[in-house]
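Quick look at entry-v2.pdb (PDB, C-alpha atoms, pLDDT in the B column):
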ATOM      1  CA  MET A   1       3.981  43.301  87.346  1.00 54.00           C
ATOM      2  CA  HIS A   2       0.691  45.175  87.732  1.00 69.00           C
ATOM      3  CA  SER A   3      -2.650  44.709  85.999  1.00 80.00           C
ATOM      4  CA  LEU A   4      -3.559  47.205  83.296  1.00 84.00           C
ATOM      5  CA  ASP A   5      -6.095  48.865  85.624  1.00 87.00           C
ATOM      6  CA  HIS A   6      -3.450  49.216  88.335  1.00 92.00           C
ATOM      7  CA  GLN A   7      -1.083  50.761  85.787  1.00 94.00           C
ATOM      8  CA  VAL A   8      -3.780  53.285  84.861  1.00 96.00           C
ATOM      9  CA  LEU A   9      -4.464  54.231  88.485  1.00 97.00           C
ATOM     10  CA  HIS A  10      -0.772  54.381  89.376  1.00 97.00           C
ATOM     11  CA  THR A  11      -0.034  56.618  86.385  1.00 98.00           C
ATOM     12  CA  LEU A  12      -3.031  58.806  87.216  1.00 98.00           C
ATOM     13  CA  GLN A  13      -1.686  59.299  90.742  1.00 98.00           C
ATOM     14  CA  SER A  14       1.712  60.240  89.328  1.00 98.00           C
ATOM     15  CA  TRP A  15       0.175  62.839  87.008  1.00 98.00           C
ATOM     16  CA  VAL A  16      -1.820  64.422  89.829  1.00 97.00           C
ATOM     17  CA  GLU A  17       1.297  64.536  92.008  1.00 97.00           C
ATOM     18  CA  GLN A  18       3.024  66.403  89.164  1.00 96.00           C
ATOM     19  CA  HIS A  19       0.102  68.891  89.037  1.00 94.00           C
ATOM     20  CA  HIS A  20      -1.097  67.807  85.584  1.00 94.00           C
ATOM     21  CA  ALA A  21      -4.743  68.132  84.632  1.00 92.00           C
ATOM     22  CA  ALA A  22      -6.043  64.588  84.188  1.00 95.00           C
ATOM     23  CA  TRP A  23      -9.147  62.580  83.391  1.00 96.00           C
ATOM     24  CA  LEU A  24     -10.253  59.063  84.268  1.00 97.00           C
ATOM     25  CA  CYS A  25     -12.497  57.338  81.720  1.00 96.00           C
ATOM     26  CA  THR A  26     -14.375  54.132  82.552  1.00 97.00           C
ATOM     27  CA  ILE A  27     -16.537  51.913  80.347  1.00 95.00           C
ATOM     28  CA  VAL A  28     -19.784  51.664  82.317  1.00 96.00           C
ATOM     29  CA  ALA A  29     -21.986  49.906  79.745  1.00 94.00           C
ATOM     30  CA  THR A  30     -21.677  48.028  76.459  1.00 88.00           C
ATOM     31  CA  HIS A  31     -24.138  46.649  73.956  1.00 81.00           C
ATOM     32  CA  GLY A  32     -23.390  44.133  71.237  1.00 74.00           C
ATOM     33  CA  SER A  33     -19.770  43.644  70.239  1.00 72.00           C
ATOM     34  CA  SER A  34     -17.264  45.637  72.260  1.00 75.00           C
ATOM     35  CA  PRO A  35     -13.443  45.491  72.118  1.00 76.00           C
ATOM     36  CA  ARG A  36     -13.141  46.103  75.888  1.00 83.00           C
ATOM     37  CA  PRO A  37     -15.416  44.964  78.750  1.00 89.00           C
ATOM     38  CA  VAL A  38     -17.348  47.016  81.289  1.00 94.00           C
ATOM     39  CA  GLY A  39     -14.986  48.409  83.918  1.00 95.00           C
ATOM     40  CA  SER A  40     -12.076  48.993  81.532  1.00 94.00           C
ATOM     41  CA  LEU A  41     -10.099  52.140  82.335  1.00 96.00           C
ATOM     42  CA  MET A  42      -8.250  54.810  80.415  1.00 95.00           C
ATOM     43  CA  ALA A  43      -6.580  57.926  81.781  1.00 96.00           C
ATOM     44  CA  CYS A  44      -5.128  60.908  79.958  1.00 95.00           C
ATOM     45  CA  ASN A  45      -3.621  64.252  80.863  1.00 94.00           C
ATOM     46  CA  ASN A  46      -3.402  67.755  79.444  1.00 92.00           C
ATOM     47  CA  HIS A  47      -0.148  66.889  77.648  1.00 93.00           C
ATOM     48  CA  GLY A  48      -1.910  64.265  75.526  1.00 92.00           C
ATOM     49  CA  GLN A  49      -0.433  61.277  77.336  1.00 94.00           C
ATOM     50  CA  VAL A  50      -2.714  58.230  77.518  1.00 94.00           C
ATOM     51  CA  VAL A  51      -2.607  54.999  79.517  1.00 95.00           C
ATOM     52  CA  GLY A  52      -5.141  52.160  79.246  1.00 93.00           C
ATOM     53  CA  SER A  53      -7.722  51.690  76.508  1.00 89.00           C
ATOM     54  CA  LEU A  54     -11.441  51.758  75.757  1.00 87.00           C
ATOM     55  CA  SER A  55     -11.520  50.393  72.205  1.00 81.00           C
ATOM     56  CA  GLY A  56      -9.238  49.805  69.262  1.00 69.00           C
ATOM     57  CA  GLY A  57      -7.963  53.370  69.308  1.00 68.00           C
ATOM     58  CA  CYS A  58     -10.439  55.612  67.494  1.00 74.00           C
ATOM     59  CA  VAL A  59     -12.638  56.261  70.542  1.00 80.00           C
ATOM     60  CA  GLU A  60      -9.533  57.197  72.511  1.00 83.00           C
ATOM     61  CA  GLU A  61      -8.395  59.606  69.797  1.00 85.00           C
ATOM     62  CA  GLU A  62     -11.742  61.380  69.593  1.00 84.00           C
ATOM     63  CA  LEU A  63     -12.103  61.551  73.357  1.00 87.00           C
ATOM     64  CA  LEU A  64      -8.587  62.923  73.806  1.00 88.00           C
ATOM     65  CA  GLU A  65      -9.264  65.598  71.191  1.00 88.00           C
ATOM     66  CA  GLN A  66     -12.420  66.634  73.066  1.00 88.00           C
ATOM     67  CA  LEU A  67     -10.672  66.708  76.439  1.00 88.00           C
ATOM     68  CA  LEU A  68      -7.762  68.777  75.164  1.00 86.00           C
ATOM     69  CA  GLY A  69     -10.301  71.049  73.478  1.00 88.00           C
ATOM     70  CA  GLY A  70     -11.770  72.020  76.834  1.00 86.00           C
ATOM     71  CA  GLU A  71     -14.719  69.658  77.209  1.00 85.00           C
ATOM     72  CA  TYR A  72     -15.595  67.641  80.344  1.00 84.00           C
ATOM     73  CA  THR A  73     -13.909  69.954  82.847  1.00 83.00           C
ATOM     74  CA  THR A  74     -16.489  69.979  85.647  1.00 84.00           C
ATOM     75  CA  LEU A  75     -18.822  67.228  86.887  1.00 90.00           C
ATOM     76  CA  PRO A  76     -18.654  63.562  85.844  1.00 95.00           C
ATOM     77  CA  CYS A  77     -20.617  62.833  82.687  1.00 93.00           C
ATOM     78  CA  THR A  78     -21.353  59.894  80.401  1.00 94.00           C
ATOM     79  CA  VAL A  79     -20.790  59.766  76.654  1.00 90.00           C
ATOM     80  CA  ARG A  80     -22.110  57.090  74.308  1.00 88.00           C
ATOM     81  CA  TYR A  81     -20.208  55.892  71.255  1.00 82.00           C
ATOM     82  CA  GLY A  82     -21.510  53.809  68.356  1.00 72.00           C
ATOM     83  CA  LEU A  83     -25.107  55.025  68.285  1.00 56.00           C
ATOM     84  CA  ASN A  84     -25.465  54.450  64.530  1.00 57.00           C
ATOM     85  CA  ALA A  85     -23.712  52.779  61.607  1.00 56.00           C
ATOM     86  CA  ASP A  86     -21.818  55.936  60.628  1.00 60.00           C
ATOM     87  CA  ASP A  87     -20.566  56.345  64.194  1.00 59.00           C
ATOM     88  CA  ASN A  88     -19.440  52.711  64.277  1.00 54.00           C
ATOM     89  CA  ALA A  89     -17.591  53.037  60.976  1.00 55.00           C
ATOM     90  CA  ARG A  90     -15.909  56.296  61.970  1.00 58.00           C
ATOM     91  CA  LEU A  91     -14.757  54.941  65.334  1.00 55.00           C
ATOM     92  CA  GLY A  92     -13.899  51.440  64.160  1.00 55.00           C
ATOM     93  CA  LEU A  93     -16.354  49.796  66.548  1.00 58.00           C
ATOM     94  CA  PRO A  94     -17.632  46.288  65.711  1.00 56.00           C
ATOM     95  CA  CYS A  95     -20.911  46.112  63.812  1.00 56.00           C
ATOM     96  CA  GLY A  96     -23.861  46.840  66.074  1.00 59.00           C
ATOM     97  CA  GLY A  97     -21.751  47.560  69.127  1.00 70.00           C
ATOM     98  CA  HIS A  98     -21.809  50.647  71.285  1.00 81.00           C
ATOM     99  CA  LEU A  99     -20.337  51.640  74.601  1.00 87.00           C
ATOM    100  CA  THR A 100     -20.966  54.202  77.325  1.00 92.00           C
ATOM    101  CA  VAL A 101     -18.022  55.927  78.990  1.00 94.00           C
ATOM    102  CA  LEU A 102     -17.988  57.778  82.310  1.00 96.00           C
ATOM    103  CA  ILE A 103     -15.582  60.723  82.189  1.00 96.00           C
ATOM    104  CA  GLU A 104     -14.225  62.255  85.400  1.00 96.00           C
ATOM    105  CA  LYS A 105     -11.922  65.245  85.773  1.00 95.00           C
ATOM    106  CA  ILE A 106      -9.308  64.322  88.379  1.00 94.00           C
ATOM    107  CA  ASP A 107      -7.487  67.001  90.372  1.00 92.00           C
ATOM    108  CA  LYS A 108      -5.345  67.314  93.494  1.00 94.00           C
ATOM    109  CA  THR A 109      -8.338  66.854  95.805  1.00 94.00           C
ATOM    110  CA  SER A 110      -8.472  63.226  94.598  1.00 95.00           C
ATOM    111  CA  LEU A 111      -4.826  62.530  95.440  1.00 96.00           C
ATOM    112  CA  PRO A 112      -5.393  61.059  98.944  1.00 97.00           C
ATOM    113  CA  ASP A 113      -7.966  58.641  97.515  1.00 97.00           C
ATOM    114  CA  LEU A 114      -5.666  57.627  94.650  1.00 98.00           C
ATOM    115  CA  ILE A 115      -2.861  56.957  97.123  1.00 98.00           C
ATOM    116  CA  THR A 116      -5.199  54.824  99.245  1.00 98.00           C
ATOM    117  CA  ILE A 117      -6.380  52.860  96.198  1.00 97.00           C
ATOM    118  CA  ASN A 118      -2.870  52.146  94.946  1.00 97.00           C
ATOM    119  CA  ASN A 119      -1.609  51.207  98.404  1.00 97.00           C
ATOM    120  CA  ARG A 120      -4.478  48.752  98.724  1.00 96.00           C
ATOM    121  CA  LEU A 121      -3.686  47.229  95.324  1.00 95.00           C
ATOM    122  CA  ASN A 122      -0.005  46.967  96.229  1.00 94.00           C
ATOM    123  CA  GLU A 123      -1.123  44.890  99.221  1.00 93.00           C
ATOM    124  CA  ARG A 124      -3.062  42.615  96.800  1.00 92.00           C
ATOM    125  CA  LYS A 125      -6.415  43.603  98.269  1.00 94.00           C
ATOM    126  CA  CYS A 126      -9.630  44.941  96.754  1.00 96.00           C
ATOM    127  CA  ILE A 127     -11.181  48.345  97.280  1.00 97.00           C
ATOM    128  CA  LYS A 128     -14.515  49.787  96.144  1.00 98.00           C
ATOM    129  CA  ARG A 129     -14.660  53.338  94.812  1.00 98.00           C
ATOM    130  CA  THR A 130     -18.035  55.074  94.602  1.00 98.00           C
ATOM    131  CA  VAL A 131     -18.533  58.366  92.749  1.00 97.00           C
ATOM    132  CA  ALA A 132     -21.463  60.732  93.197  1.00 97.00           C
ATOM    133  CA  LEU A 133     -22.387  61.780  89.679  1.00 95.00           C
ATOM    134  CA  ASN A 134     -23.965  65.083  90.735  1.00 94.00           C
ATOM    135  CA  SER A 135     -20.869  66.349  92.550  1.00 93.00           C
ATOM    136  CA  GLY A 136     -17.845  64.229  91.642  1.00 92.00           C
ATOM    137  CA  ARG A 137     -17.332  63.380  95.310  1.00 93.00           C
ATOM    138  CA  MET A 138     -15.863  59.919  95.840  1.00 95.00           C
ATOM    139  CA  TRP A 139     -15.539  57.589  98.792  1.00 96.00           C
ATOM    140  CA  LEU A 140     -13.716  54.320  99.350  1.00 98.00           C
ATOM    141  CA  GLU A 141     -14.609  51.044 101.039  1.00 98.00           C
ATOM    142  CA  PRO A 142     -12.290  48.056 101.559  1.00 97.00           C
ATOM    143  CA  VAL A 143     -13.910  44.852 100.248  1.00 97.00           C
ATOM    144  CA  ALA A 144     -12.850  41.219 100.204  1.00 94.00           C
ATOM    145  CA  GLN A 145     -13.383  40.381  96.541  1.00 93.00           C
ATOM    146  CA  PHE A 146     -14.232  41.702  93.107  1.00 93.00           C
ATOM    147  CA  GLU A 147     -17.781  42.888  92.389  1.00 94.00           C
ATOM    148  CA  ALA A 148     -19.386  43.896  89.108  1.00 94.00           C
ATOM    149  CA  LEU A 149     -19.493  47.605  88.309  1.00 97.00           C
ATOM    150  CA  THR A 150     -22.842  49.170  89.191  1.00 97.00           C
ATOM    151  CA  MET A 151     -24.295  52.474  88.064  1.00 96.00           C
ATOM    152  CA  ASP A 152     -27.582  54.316  88.506  1.00 95.00           C
ATOM    153  CA  GLU A 153     -28.634  57.923  88.006  1.00 93.00           C
ATOM    154  CA  HIS A 154     -26.857  59.020  91.186  1.00 96.00           C
ATOM    155  CA  HIS A 155     -23.752  56.878  91.700  1.00 97.00           C
ATOM    156  CA  CYS A 156     -21.175  54.692  89.977  1.00 98.00           C
ATOM    157  CA  ALA A 157     -19.383  52.042  92.058  1.00 98.00           C
ATOM    158  CA  GLN A 158     -16.441  49.956  90.921  1.00 98.00           C
ATOM    159  CA  VAL A 159     -14.153  47.510  92.705  1.00 97.00           C
ATOM    160  CA  TYR A 160     -10.461  47.633  91.882  1.00 96.00           C
ATOM    161  CA  GLY A 161      -8.344  44.648  92.774  1.00 94.00           C
ATOM    162  CA  PRO A 162      -4.960  43.031  92.274  1.00 92.00           C
ATOM    163  CA  ARG A 163      -3.836  41.170  89.215  1.00 90.00           C
ATOM    164  CA  TYR A 164      -4.603  37.459  89.511  1.00 93.00           C
ATOM    165  CA  THR A 165      -1.521  35.277  89.940  1.00 94.00           C
ATOM    166  CA  LEU A 166      -1.138  31.924  88.182  1.00 96.00           C
ATOM    167  CA  LEU A 167       1.606  29.802  89.740  1.00 97.00           C
ATOM    168  CA  LEU A 168       2.642  26.845  87.593  1.00 97.00           C
ATOM    169  CA  VAL A 169       4.583  24.075  89.314  1.00 96.00           C
ATOM    170  CA  GLY A 170       6.817  22.232  86.855  1.00 95.00           C
ATOM    171  CA  ALA A 171       8.769  23.829  84.009  1.00 94.00           C
ATOM    172  CA  GLY A 172       7.833  22.086  80.776  1.00 93.00           C
ATOM    173  CA  GLN A 173       6.008  22.442  77.473  1.00 94.00           C
ATOM    174  CA  LEU A 174       2.566  22.436  79.085  1.00 95.00           C
ATOM    175  CA  ALA A 175       3.623  25.178  81.496  1.00 95.00           C
ATOM    176  CA  ALA A 176       4.938  27.238  78.570  1.00 94.00           C
ATOM    177  CA  SER A 177       1.633  26.920  76.689  1.00 94.00           C
ATOM    178  CA  LEU A 178      -0.431  27.827  79.756  1.00 95.00           C
ATOM    179  CA  ALA A 179       1.876  30.750  80.524  1.00 94.00           C
ATOM    180  CA  GLN A 180       1.441  32.217  77.054  1.00 92.00           C
ATOM    181  CA  MET A 181      -2.354  31.995  77.251  1.00 93.00           C
ATOM    182  CA  ALA A 182      -2.500  33.350  80.801  1.00 93.00           C
ATOM    183  CA  THR A 183      -0.328  36.389  80.115  1.00 90.00           C
ATOM    184  CA  MET A 184      -2.626  37.332  77.228  1.00 87.00           C
ATOM    185  CA  MET A 185      -5.482  37.242  79.757  1.00 88.00           C
ATOM    186  CA  ASP A 186      -3.576  39.649  82.056  1.00 87.00           C
ATOM    187  CA  TYR A 187      -2.551  37.064  84.647  1.00 92.00           C
ATOM    188  CA  ARG A 188       0.687  37.486  86.566  1.00 92.00           C
ATOM    189  CA  VAL A 189       2.410  34.196  85.745  1.00 95.00           C
ATOM    190  CA  LEU A 190       5.042  32.453  87.859  1.00 96.00           C
ATOM    191  CA  VAL A 191       6.734  29.145  87.050  1.00 97.00           C
ATOM    192  CA  THR A 192       8.616  27.200  89.694  1.00 96.00           C
ATOM    193  CA  ASP A 193      10.713  24.050  89.590  1.00 96.00           C
ATOM    194  CA  PRO A 194      13.231  22.595  92.067  1.00 95.00           C
ATOM    195  CA  ARG A 195      15.429  21.451  89.162  1.00 95.00           C
ATOM    196  CA  ALA A 196      17.734  24.332  88.270  1.00 94.00           C
ATOM    197  CA  GLN A 197      18.735  22.982  84.839  1.00 95.00           C
ATOM    198  CA  LYS A 198      15.111  22.284  83.937  1.00 93.00           C
ATOM    199  CA  LEU A 199      14.161  25.849  84.809  1.00 93.00           C
ATOM    200  CA  GLU A 200      17.106  27.237  82.854  1.00 92.00           C
ATOM    201  CA  ASP A 201      16.160  25.207  79.759  1.00 93.00           C
ATOM    202  CA  PHE A 202      12.541  26.323  80.140  1.00 93.00           C
ATOM    203  CA  GLN A 203      13.546  29.979  80.091  1.00 90.00           C
ATOM    204  CA  ALA A 204      15.966  29.536  77.191  1.00 88.00           C
ATOM    205  CA  HIS A 205      13.982  27.312  74.839  1.00 87.00           C
ATOM    206  CA  LEU A 206      10.273  27.071  75.713  1.00 87.00           C
ATOM    207  CA  LEU A 207       9.189  30.582  76.630  1.00 84.00           C
ATOM    208  CA  GLY A 208       8.379  32.972  73.807  1.00 75.00           C
ATOM    209  CA  PRO A 209      10.461  36.172  73.677  1.00 76.00           C
ATOM    210  CA  ASP A 210       7.468  38.349  74.598  1.00 75.00           C
ATOM    211  CA  THR A 211       6.033  36.115  77.330  1.00 79.00           C
ATOM    212  CA  GLU A 212       6.233  37.929  80.674  1.00 87.00           C
ATOM    213  CA  VAL A 213       6.893  35.131  83.178  1.00 93.00           C
ATOM    214  CA  LEU A 214       8.794  35.097  86.462  1.00 94.00           C
ATOM    215  CA  CYS A 215      10.729  31.847  86.945  1.00 95.00           C
ATOM    216  CA  ILE A 216      11.526  30.833  90.528  1.00 96.00           C
ATOM    217  CA  HIS A 217      13.930  28.090  91.545  1.00 96.00           C
ATOM    218  CA  GLY A 218      12.787  26.406  94.751  1.00 95.00           C
ATOM    219  CA  MET A 219      10.721  23.703  96.379  1.00 95.00           C
ATOM    220  CA  PRO A 220       7.068  23.989  95.330  1.00 93.00           C
ATOM    221  CA  ASP A 221       5.630  24.106  98.861  1.00 93.00           C
ATOM    222  CA  ASP A 222       7.956  26.965  99.818  1.00 96.00           C
ATOM    223  CA  VAL A 223       7.166  28.940  96.659  1.00 95.00           C
ATOM    224  CA  VAL A 224       3.416  28.426  97.085  1.00 94.00           C
ATOM    225  CA  ARG A 225       3.568  29.758 100.642  1.00 94.00           C
ATOM    226  CA  GLU A 226       5.534  32.814  99.532  1.00 93.00           C
ATOM    227  CA  GLN A 227       3.958  33.614  96.154  1.00 92.00           C
ATOM    228  CA  GLY A 228       0.582  31.895  95.785  1.00 88.00           C
ATOM    229  CA  ASN A 229      -1.058  32.093  99.169  1.00 89.00           C
ATOM    230  CA  ASP A 230      -3.853  34.656  98.832  1.00 91.00           C
ATOM    231  CA  PRO A 231      -7.431  34.704  97.458  1.00 92.00           C
ATOM    232  CA  PHE A 232      -6.229  36.048  94.109  1.00 93.00           C
ATOM    233  CA  SER A 233      -3.792  33.242  93.327  1.00 95.00           C
ATOM    234  CA  ILE A 234      -4.226  30.001  91.384  1.00 96.00           C
ATOM    235  CA  VAL A 235      -1.790  27.094  91.654  1.00 96.00           C
ATOM    236  CA  ILE A 236      -1.604  24.406  88.960  1.00 96.00           C
ATOM    237  CA  THR A 237       0.719  21.441  89.458  1.00 95.00           C
ATOM    238  CA  LEU A 238       2.074  20.064  86.178  1.00 94.00           C
ATOM    239  CA  THR A 239       4.634  17.635  87.559  1.00 86.00           C
ATOM    240  CA  HIS A 240       4.890  15.042  90.323  1.00 75.00           C
TER     241      HIS A 240
END
Please rewrite the model in this file as structure tokens.
Amino acid sequence: MHSLDHQVLHTLQSWVEQHHAAWLCTIVATHGSSPRPVGSLMACNNHGQVVGSLSGGCVEEELLEQLLGGEYTTLPCTVRYGLNADDNARLGLPCGGHLTVLIEKIDKTSLPDLITINNRLNERKCIKRTVALNSGRMWLEPVAQFEALTMDEHHCAQVYGPRYTLLLVGAGQLAASLAQMATMMDYRVLVTDPRAQKLEDFQAHLLGPDTEVLCIHGMPDDVVREQGNDPFSIVITLTH
């Protein structure tokens, strides 16, 4: 179970390995109401396939049309959406909101860096990627924790990291409610309980059909050591 950003980067790597033309789009600034926060990613390829999101859909559609029409094929560039009321209405952006998107053409020269990024994320570690806006050159730096995206006239730097894990000890109604909220916030949710029947009932009757939760039968201390023992994990005990 990967975060949405990890899914975008993993898919982007796959496209480049298959020799598809591809683009990486990143929200680098927002003002007012915005459906997605700064740092959100979207990738697309020359076959019209899209992964990730920047808004409710209309920005993605317009951007994809421009990319497939031959725009944004050289150096990284920024595009602003929602500069006036007509733009907001056409794109379905919230009233008064606008966003700035960095668009990068990704080719086979970026493949080693994409592999390094995804390997780092698979290890549940963070990595900072910096892009030179005047050349498209990128470089990577391992870091210990998330940092806010930064951008100036020369560079854009963003930290990618693993999906946060929420480990809930005790399978019950409270765990089910927390699990549903946490999955909507893109947490990787685990529920553990040493009582096999309790865990079975939890899966059958308390979890919603669309709630993505991994249930683990075992002693809590063992499960915590194996599944919740890194800086990106949260453990909540709901039983005694």
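Between Gln173 in chain A and the candidates A:Leu206, A:Cys77, A:Leu199, A:Ile216, the tightest atom-to-atom separation, counting only C-alpha atoms, involves A:Leu206.
Among the candidates A:Leu102, A:Val59, A:Leu4, A:Met219, the one nearest to Tyr164 in chain A when counting all atoms listed in the file is A:Leu4.
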Please measure the separation of CA of His154 in chain A and CA of Cys126 in chain A, giving the value in Å to one decimal. 22.9 Å
Which residue is closest to Gly228 in chain A? Choose from A:Ser135, A:Thr165, A:Gln180, A:Gln203 and count all atoms listed in the file. A:Thr165
Range 142-147 of chain A surroundings by all atoms listed in the file, 9 Å radius, close-in-sequence under 4 positions cut, as a PyMOL selection string: chain A and resi 120+125-129+158-161+231-232
Model the absent atoms of range 216-236 of chain A so that N, CA and C atoms are present, and write the result as a PDB file, in the coordinates of the input.
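Resulting contents of out.pdb:
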ATOM      1  N   ILE A 216      11.013  30.893  89.160  1.00 96.00           N
ATOM      2  CA  ILE A 216      11.526  30.833  90.528  1.00 96.00           C
ATOM      3  C   ILE A 216      12.070  29.438  90.800  1.00 96.00           C
ATOM      4  N   HIS A 217      13.331  29.369  91.173  1.00 96.00           N
ATOM      5  CA  HIS A 217      13.930  28.090  91.545  1.00 96.00           C
ATOM      6  C   HIS A 217      13.678  27.848  93.029  1.00 96.00           C
ATOM      7  N   GLY A 218      13.055  26.713  93.352  1.00 95.00           N
ATOM      8  CA  GLY A 218      12.787  26.406  94.751  1.00 95.00           C
ATOM      9  C   GLY A 218      11.856  25.229  94.884  1.00 95.00           C
ATOM     10  N   MET A 219      11.662  24.784  96.119  1.00 95.00           N
ATOM     11  CA  MET A 219      10.721  23.703  96.379  1.00 95.00           C
ATOM     12  C   MET A 219       9.302  24.238  96.253  1.00 95.00           C
ATOM     13  N   PRO A 220       8.413  23.486  95.598  1.00 93.00           N
ATOM     14  CA  PRO A 220       7.068  23.989  95.330  1.00 93.00           C
ATOM     15  C   PRO A 220       6.320  24.459  96.570  1.00 93.00           C
ATOM     16  N   ASP A 221       6.398  23.701  97.683  1.00 93.00           N
ATOM     17  CA  ASP A 221       5.630  24.106  98.861  1.00 93.00           C
ATOM     18  C   ASP A 221       6.119  25.442  99.415  1.00 93.00           C
ATOM     19  N   ASP A 222       7.423  25.681  99.354  1.00 96.00           N
ATOM     20  CA  ASP A 222       7.956  26.965  99.818  1.00 96.00           C
ATOM     21  C   ASP A 222       7.495  28.110  98.914  1.00 96.00           C
ATOM     22  N   VAL A 223       7.548  27.891  97.605  1.00 95.00           N
ATOM     23  CA  VAL A 223       7.166  28.940  96.659  1.00 95.00           C
ATOM     24  C   VAL A 223       5.677  29.240  96.763  1.00 95.00           C
ATOM     25  N   VAL A 224       4.857  28.209  96.935  1.00 94.00           N
ATOM     26  CA  VAL A 224       3.416  28.426  97.085  1.00 94.00           C
ATOM     27  C   VAL A 224       3.134  29.276  98.315  1.00 94.00           C
ATOM     28  N   ARG A 225       3.785  28.974  99.424  1.00 94.00           N
ATOM     29  CA  ARG A 225       3.568  29.758 100.642  1.00 94.00           C
ATOM     30  C   ARG A 225       3.960  31.223 100.447  1.00 94.00           C
ATOM     31  N   GLU A 226       5.027  31.455  99.693  1.00 93.00           N
ATOM     32  CA  GLU A 226       5.534  32.814  99.532  1.00 93.00           C
ATOM     33  C   GLU A 226       4.829  33.598  98.426  1.00 93.00           C
ATOM     34  N   GLN A 227       4.414  32.912  97.351  1.00 92.00           N
ATOM     35  CA  GLN A 227       3.958  33.614  96.154  1.00 92.00           C
ATOM     36  C   GLN A 227       2.506  33.342  95.767  1.00 92.00           C
ATOM     37  N   GLY A 228       1.920  32.255  96.254  1.00 88.00           N
ATOM     38  CA  GLY A 228       0.582  31.895  95.785  1.00 88.00           C
ATOM     39  C   GLY A 228      -0.407  31.640  96.896  1.00 88.00           C
ATOM     40  N   ASN A 229      -0.280  32.392  97.973  1.00 89.00           N
ATOM     41  CA  ASN A 229      -1.058  32.093  99.169  1.00 89.00           C
ATOM     42  C   ASN A 229      -2.012  33.226  99.517  1.00 89.00           C
ATOM     43  N   ASP A 230      -2.818  33.661  98.549  1.00 91.00           N
ATOM     44  CA  ASP A 230      -3.853  34.656  98.832  1.00 91.00           C
ATOM     45  C   ASP A 230      -5.067  34.359  97.960  1.00 91.00           C
ATOM     46  N   PRO A 231      -6.201  35.031  98.198  1.00 92.00           N
ATOM     47  CA  PRO A 231      -7.431  34.704  97.458  1.00 92.00           C
ATOM     48  C   PRO A 231      -7.370  34.993  95.970  1.00 92.00           C
ATOM     49  N   PHE A 232      -6.320  35.671  95.516  1.00 93.00           N
ATOM     50  CA  PHE A 232      -6.229  36.048  94.109  1.00 93.00           C
ATOM     51  C   PHE A 232      -5.150  35.260  93.383  1.00 93.00           C
ATOM     52  N   SER A 233      -4.824  34.091  93.921  1.00 95.00           N
ATOM     53  CA  SER A 233      -3.792  33.242  93.327  1.00 95.00           C
ATOM     54  C   SER A 233      -4.350  31.873  92.965  1.00 95.00           C
ATOM     55  N   ILE A 234      -3.850  31.327  91.868  1.00 96.00           N
ATOM     56  CA  ILE A 234      -4.226  30.001  91.384  1.00 96.00           C
ATOM     57  C   ILE A 234      -2.946  29.189  91.243  1.00 96.00           C
ATOM     58  N   VAL A 235      -2.952  27.973  91.751  1.00 96.00           N
ATOM     59  CA  VAL A 235      -1.790  27.094  91.654  1.00 96.00           C
ATOM     60  C   VAL A 235      -2.165  25.874  90.824  1.00 96.00           C
ATOM     61  N   ILE A 236      -1.393  25.596  89.787  1.00 96.00           N
ATOM     62  CA  ILE A 236      -1.604  24.406  88.960  1.00 96.00           C
ATOM     63  C   ILE A 236      -0.320  23.584  88.982  1.00 96.00           C
TER      64      ILE A 236
END
